[in-house]
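This report refers to the structure that appears directly beneath it.
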Amino acid sequence: MSKVIASITTSLDGYVVGPDDRAGQGLGRGGERLHYWVMGGPWTYDDDGRDAEGMHGADKEYFDSLTEGLGCAIVGRTMYEAAGAWGGTNPFPGTLIVLTHRVEDQPDPGTGFLFVDGFDAALDTARELAGEGALALGGGADLIRQGLEAGVVDELAISTAPVVLGGGKRLFEGFERDLDLRVLGVWSSPYATHVRYAVGR
């Protein structure tokens, strides 16, 4: 069965988006600072042609460790929309499943996206598509909490950006499970500290 790796970026105070995250606002006010590590430095939503080509050093090593052997991934609809559907083409290895109740606007399968309704259905589909590869839960927070609550996450990878957002949506908001974690690896750059944890059963 495919290894399930859940990964997400948070602020030091535990937020995965800043205040006022809504359509057209992406990661909320100030939230783009969470992903400086992905973009190779400071960026804003007004920047033209932003992409991950600037990623380097420890950030790239960490990202490569997450995507190596990846067979399929699941993200929530909010993340898909906040990322602008990655310009209309899945940039990750394998199919990118978008967990959504609105499957009627499924894009052309050639884009690499597949819309699925329901966590269990998305997980079953992802396992089938991943084959021998790993399966990623790429956010947002609600999706990762569902995976942890269901007990299907083998690894939890958290990137902590050196910012305090003071508001937004917290990764573990309302989460009440008791988990034991074991550190598997740590990478650090000026933009984030990345830690991969094994999730105890």
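Ligands are numbered from 1 in the order shown, residues from 1 within each chain, and chains are lettered A, B, ... in the order they appear in the structure tokens.
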
May I have the residues within 10 Å of Leu27 (chain A) as an mmCIF file with C-alpha atoms, in the first residue's frame, using only C-alpha atoms and disregarding those fewer than 4 positions away in the same chain?
data_model
loop_
_atom_site.group_PDB
_atom_site.id
_atom_site.type_symbol
_atom_site.label_atom_id
_atom_site.label_comp_id
_atom_site.auth_asym_id
_atom_site.auth_seq_id
_atom_site.Cartn_x
_atom_site.Cartn_y
_atom_site.Cartn_z
ATOM 1 C CA VAL A 16 -1.564 28.016 7.108
ATOM 2 C CA VAL A 17 -3.105 31.175 5.611
ATOM 3 C CA GLY A 18 -3.286 34.756 6.792
ATOM 4 C CA PRO A 19 -6.453 36.689 7.659
ATOM 5 C CA ASP A 20 -9.100 37.256 4.970
ATOM 6 C CA ASP A 21 -8.271 34.320 2.719
ATOM 7 C CA ARG A 22 -10.977 34.326 0.060
ATOM 8 C CA ALA A 23 -11.379 34.120 -3.683
ATOM 9 C CA GLY A 31 0.168 34.757 3.649
ATOM 10 C CA GLU A 32 2.433 34.741 0.617
ATOM 11 C CA ARG A 33 5.357 35.038 3.084
ATOM 12 C CA LEU A 34 4.647 31.414 4.049
ATOM 13 C CA HIS A 35 5.771 30.344 0.598
ATOM 14 C CA TYR A 45 0.425 38.015 -6.061
ATOM 15 C CA THR A 78 -9.359 25.949 -1.794
ATOM 16 C CA MET A 79 -5.669 25.188 -2.357
ATOM 17 C CA ALA A 82 -5.561 29.747 -4.338
ATOM 18 C CA ALA A 83 -2.781 28.405 -6.586
ATOM 19 C CA GLY A 168 -6.054 33.162 9.638
ATOM 20 C CA LYS A 169 -6.673 29.404 9.684
#

Name the residues in contact with region 134-139 of chain A at a cut-off of 9 Å, using only C-alpha atoms, excluding same-chain residues fewer than 4 positions from it; report them as a CSV table (one decimal) with C-alpha atoms, in the first residue's frame.
chain,number,residue,atom,x,y,z
A,1,MET,CA,0.0,0.0,0.0
A,2,SER,CA,1.3,3.5,-0.9
A,3,LYS,CA,3.0,5.5,1.8
A,4,VAL,CA,0.9,8.6,2.6
A,5,ILE,CA,2.8,11.8,3.3
A,6,ALA,CA,0.9,15.0,4.4
A,7,SER,CA,2.8,18.2,3.9
A,8,ILE,CA,2.0,21.9,4.5
A,9,THR,CA,3.6,25.2,5.5
A,66,LEU,CA,9.0,15.0,-0.8
A,67,THR,CA,8.3,14.5,-4.5
A,68,GLU,CA,10.8,11.7,-5.2
A,69,GLY,CA,8.8,8.6,-5.9
A,70,LEU,CA,5.4,10.5,-5.8
A,71,GLY,CA,2.7,8.6,-7.6
A,72,CYS,CA,-0.3,10.7,-6.9
A,73,ALA,CA,-1.4,13.6,-4.7
A,74,ILE,CA,-4.6,15.1,-3.2
A,75,VAL,CA,-5.3,18.7,-2.5
A,76,GLY,CA,-8.4,20.6,-1.4
A,78,THR,CA,-9.4,25.9,-1.8
A,79,MET,CA,-5.7,25.2,-2.4
A,123,LEU,CA,-8.0,8.3,-1.1
A,126,ALA,CA,-5.3,8.1,-5.3
A,127,ARG,CA,-4.1,4.7,-4.0
A,130,ALA,CA,-0.2,5.9,-7.2
A,143,LEU,CA,-7.6,17.8,4.3
A,144,ILE,CA,-4.6,17.1,6.4
A,147,GLY,CA,-6.1,12.3,6.9
A,153,VAL,CA,-1.0,9.4,7.3

- Query: Restricting the calculation to only C-alpha atoms, which member of A:Glu61, A:Glu128, A:Glu176, A:Asp46 is positioned closest to Gln25 (chain A)?
  - Reply: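 Looking only at the distances to Gln25 (chain A), the closest residue turns out to be A:Asp46.
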
- Task: Could you tell me, as a PyMOL selection string, which residues of region 16-100 of chain A DSSP assigns to alpha helix (DSSP H) when given the backbone?
- Result: chain A and resi 36-39+57-67+77-82

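Picture a line from CA of Thr100 (chain A) to CA of Asp120 (chain A); it runs 12.1 Å.
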
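Here CA of Asp154 (chain A) and CA of Ala198 (chain A) stand 6.0 Å from one another.
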
- Item | Nearest to Glu173 (chain A), chosen from A:Gly131, A:Trp37, A:Arg145, A:Leu96, with only C-alpha atoms counted in the distances | A:Arg145

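Take CA of Gly40 (chain A) and CA of Arg182 (chain A): the distance between them is 28.2 Å.
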
- Item | Top pick for closest residue to Pro107 (chain A), considering A:Ser159, A:Ser65, A:Gly133, A:Gly88 and counting only C-alpha atoms |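 Nearest to Pro107 (chain A): A:Gly88.
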
- Query: If you run DSSP on the backbone, which residues of region 22-135 of chain A are strand (DSSP E), as an MDAnalysis selection string?
  - Reply: chainID A and resid 70:76 95:99 113:116 134:135

Residues of the last selection are to be written out with N, CA and C atoms, as a PDB file, in the first residue's frame.
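This is the output file selection.pdb:
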ATOM      1  N   LEU A  70       6.865  10.097  -5.934  1.00  0.00           N
ATOM      2  CA  LEU A  70       5.450  10.453  -5.764  1.00  0.00           C
ATOM      3  C   LEU A  70       4.630   9.884  -6.916  1.00  0.00           C
ATOM      4  N   GLY A  71       3.553   9.181  -6.580  1.00  0.00           N
ATOM      5  CA  GLY A  71       2.716   8.581  -7.600  1.00  0.00           C
ATOM      6  C   GLY A  71       1.424   9.330  -7.839  1.00  0.00           C
ATOM      7  N   CYS A  72       0.929  10.016  -6.801  1.00  0.00           N
ATOM      8  CA  CYS A  72      -0.341  10.733  -6.896  1.00  0.00           C
ATOM      9  C   CYS A  72      -0.433  11.661  -5.683  1.00  0.00           C
ATOM     10  N   ALA A  73      -1.247  12.701  -5.814  1.00  0.00           N
ATOM     11  CA  ALA A  73      -1.428  13.634  -4.693  1.00  0.00           C
ATOM     12  C   ALA A  73      -2.882  14.086  -4.625  1.00  0.00           C
ATOM     13  N   ILE A  74      -3.280  14.510  -3.429  1.00  0.00           N
ATOM     14  CA  ILE A  74      -4.615  15.061  -3.198  1.00  0.00           C
ATOM     15  C   ILE A  74      -4.451  16.444  -2.593  1.00  0.00           C
ATOM     16  N   VAL A  75      -5.213  17.401  -3.095  1.00  0.00           N
ATOM     17  CA  VAL A  75      -5.284  18.738  -2.483  1.00  0.00           C
ATOM     18  C   VAL A  75      -6.761  19.119  -2.369  1.00  0.00           C
ATOM     19  N   GLY A  76      -7.034  20.078  -1.498  1.00  0.00           N
ATOM     20  CA  GLY A  76      -8.388  20.587  -1.371  1.00  0.00           C
ATOM     21  C   GLY A  76      -8.700  21.603  -2.457  1.00  0.00           C
ATOM     22  N   THR A  95      -1.064  12.110 -11.135  1.00  0.00           N
ATOM     23  CA  THR A  95      -2.330  12.853 -11.160  1.00  0.00           C
ATOM     24  C   THR A  95      -2.491  13.650  -9.864  1.00  0.00           C
ATOM     25  N   LEU A  96      -3.072  14.841  -9.965  1.00  0.00           N
ATOM     26  CA  LEU A  96      -3.382  15.646  -8.790  1.00  0.00           C
ATOM     27  C   LEU A  96      -4.896  15.612  -8.602  1.00  0.00           C
ATOM     28  N   ILE A  97      -5.320  14.929  -7.554  1.00  0.00           N
ATOM     29  CA  ILE A  97      -6.744  14.832  -7.246  1.00  0.00           C
ATOM     30  C   ILE A  97      -7.150  16.054  -6.436  1.00  0.00           C
ATOM     31  N   VAL A  98      -8.230  16.680  -6.839  1.00  0.00           N
ATOM     32  CA  VAL A  98      -8.766  17.839  -6.133  1.00  0.00           C
ATOM     33  C   VAL A  98     -10.028  17.396  -5.406  1.00  0.00           C
ATOM     34  N   LEU A  99      -9.987  17.446  -4.082  1.00  0.00           N
ATOM     35  CA  LEU A  99     -11.127  17.060  -3.254  1.00  0.00           C
ATOM     36  C   LEU A  99     -12.134  18.205  -3.250  1.00  0.00           C
ATOM     37  N   PHE A 113      -5.419  17.037 -13.678  1.00  0.00           N
ATOM     38  CA  PHE A 113      -6.265  17.192 -12.498  1.00  0.00           C
ATOM     39  C   PHE A 113      -7.463  16.260 -12.580  1.00  0.00           C
ATOM     40  N   LEU A 114      -7.873  15.708 -11.446  1.00  0.00           N
ATOM     41  CA  LEU A 114      -9.066  14.886 -11.353  1.00  0.00           C
ATOM     42  C   LEU A 114      -9.866  15.342 -10.144  1.00  0.00           C
ATOM     43  N   PHE A 115     -11.106  15.771 -10.342  1.00  0.00           N
ATOM     44  CA  PHE A 115     -11.968  16.225  -9.253  1.00  0.00           C
ATOM     45  C   PHE A 115     -12.728  15.028  -8.680  1.00  0.00           C
ATOM     46  N   VAL A 116     -12.677  14.870  -7.355  1.00  0.00           N
ATOM     47  CA  VAL A 116     -13.344  13.760  -6.676  1.00  0.00           C
ATOM     48  C   VAL A 116     -14.069  14.309  -5.457  1.00  0.00           C
ATOM     49  N   ALA A 134       4.466   6.934  -3.786  1.00  0.00           N
ATOM     50  CA  ALA A 134       3.913   7.552  -2.582  1.00  0.00           C
ATOM     51  C   ALA A 134       2.677   8.381  -2.926  1.00  0.00           C
ATOM     52  N   LEU A 135       1.888   8.637  -1.919  1.00  0.00           N
ATOM     53  CA  LEU A 135       0.668   9.417  -2.072  1.00  0.00           C
ATOM     54  C   LEU A 135       0.798  10.635  -1.164  1.00  0.00           C
TER      55      LEU A 135
END

- Find the residues near Leu171 (chain A): any atom within 7 Å, counting only C-alpha atoms, skip ones fewer than 3 places away on the same chain, and give them as an NGL selection string. :A and (14-16 or 141)

Could you dump the residues just selected with N, CA and C atoms as a PDB file, in the first residue's frame?
ATOM      1  N   GLY A  14       1.295  28.977  13.829  1.00  0.00           N
ATOM      2  CA  GLY A  14       0.461  27.852  13.446  1.00  0.00           C
ATOM      3  C   GLY A  14      -0.583  28.077  12.379  1.00  0.00           C
ATOM      4  N   TYR A  15      -0.522  29.210  11.656  1.00  0.00           N
ATOM      5  CA  TYR A  15      -1.511  29.490  10.624  1.00  0.00           C
ATOM      6  C   TYR A  15      -1.013  29.044   9.250  1.00  0.00           C
ATOM      7  N   VAL A  16      -1.923  28.459   8.456  1.00  0.00           N
ATOM      8  CA  VAL A  16      -1.564  28.016   7.108  1.00  0.00           C
ATOM      9  C   VAL A  16      -1.954  29.041   6.054  1.00  0.00           C
ATOM     10  N   ALA A 141      -5.381  22.666   5.366  1.00  0.00           N
ATOM     11  CA  ALA A 141      -5.380  22.156   6.727  1.00  0.00           C
ATOM     12  C   ALA A 141      -6.494  21.145   6.969  1.00  0.00           C
TER      13      ALA A 141
END

- Note on the structure: Closest of A:Pro109, A:Gln146, A:Trp187, A:Gly57 to Ile158 (chain A), counting only C-alpha atoms, is A:Trp187

- Would you please work out which residue, of A:Tyr62, A:Tyr36, A:Phe92, A:Trp43, is nearest to Pro162 (chain A) when using only C-alpha atoms?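 Closest to Pro162 (chain A) of all the choices is A:Tyr36.
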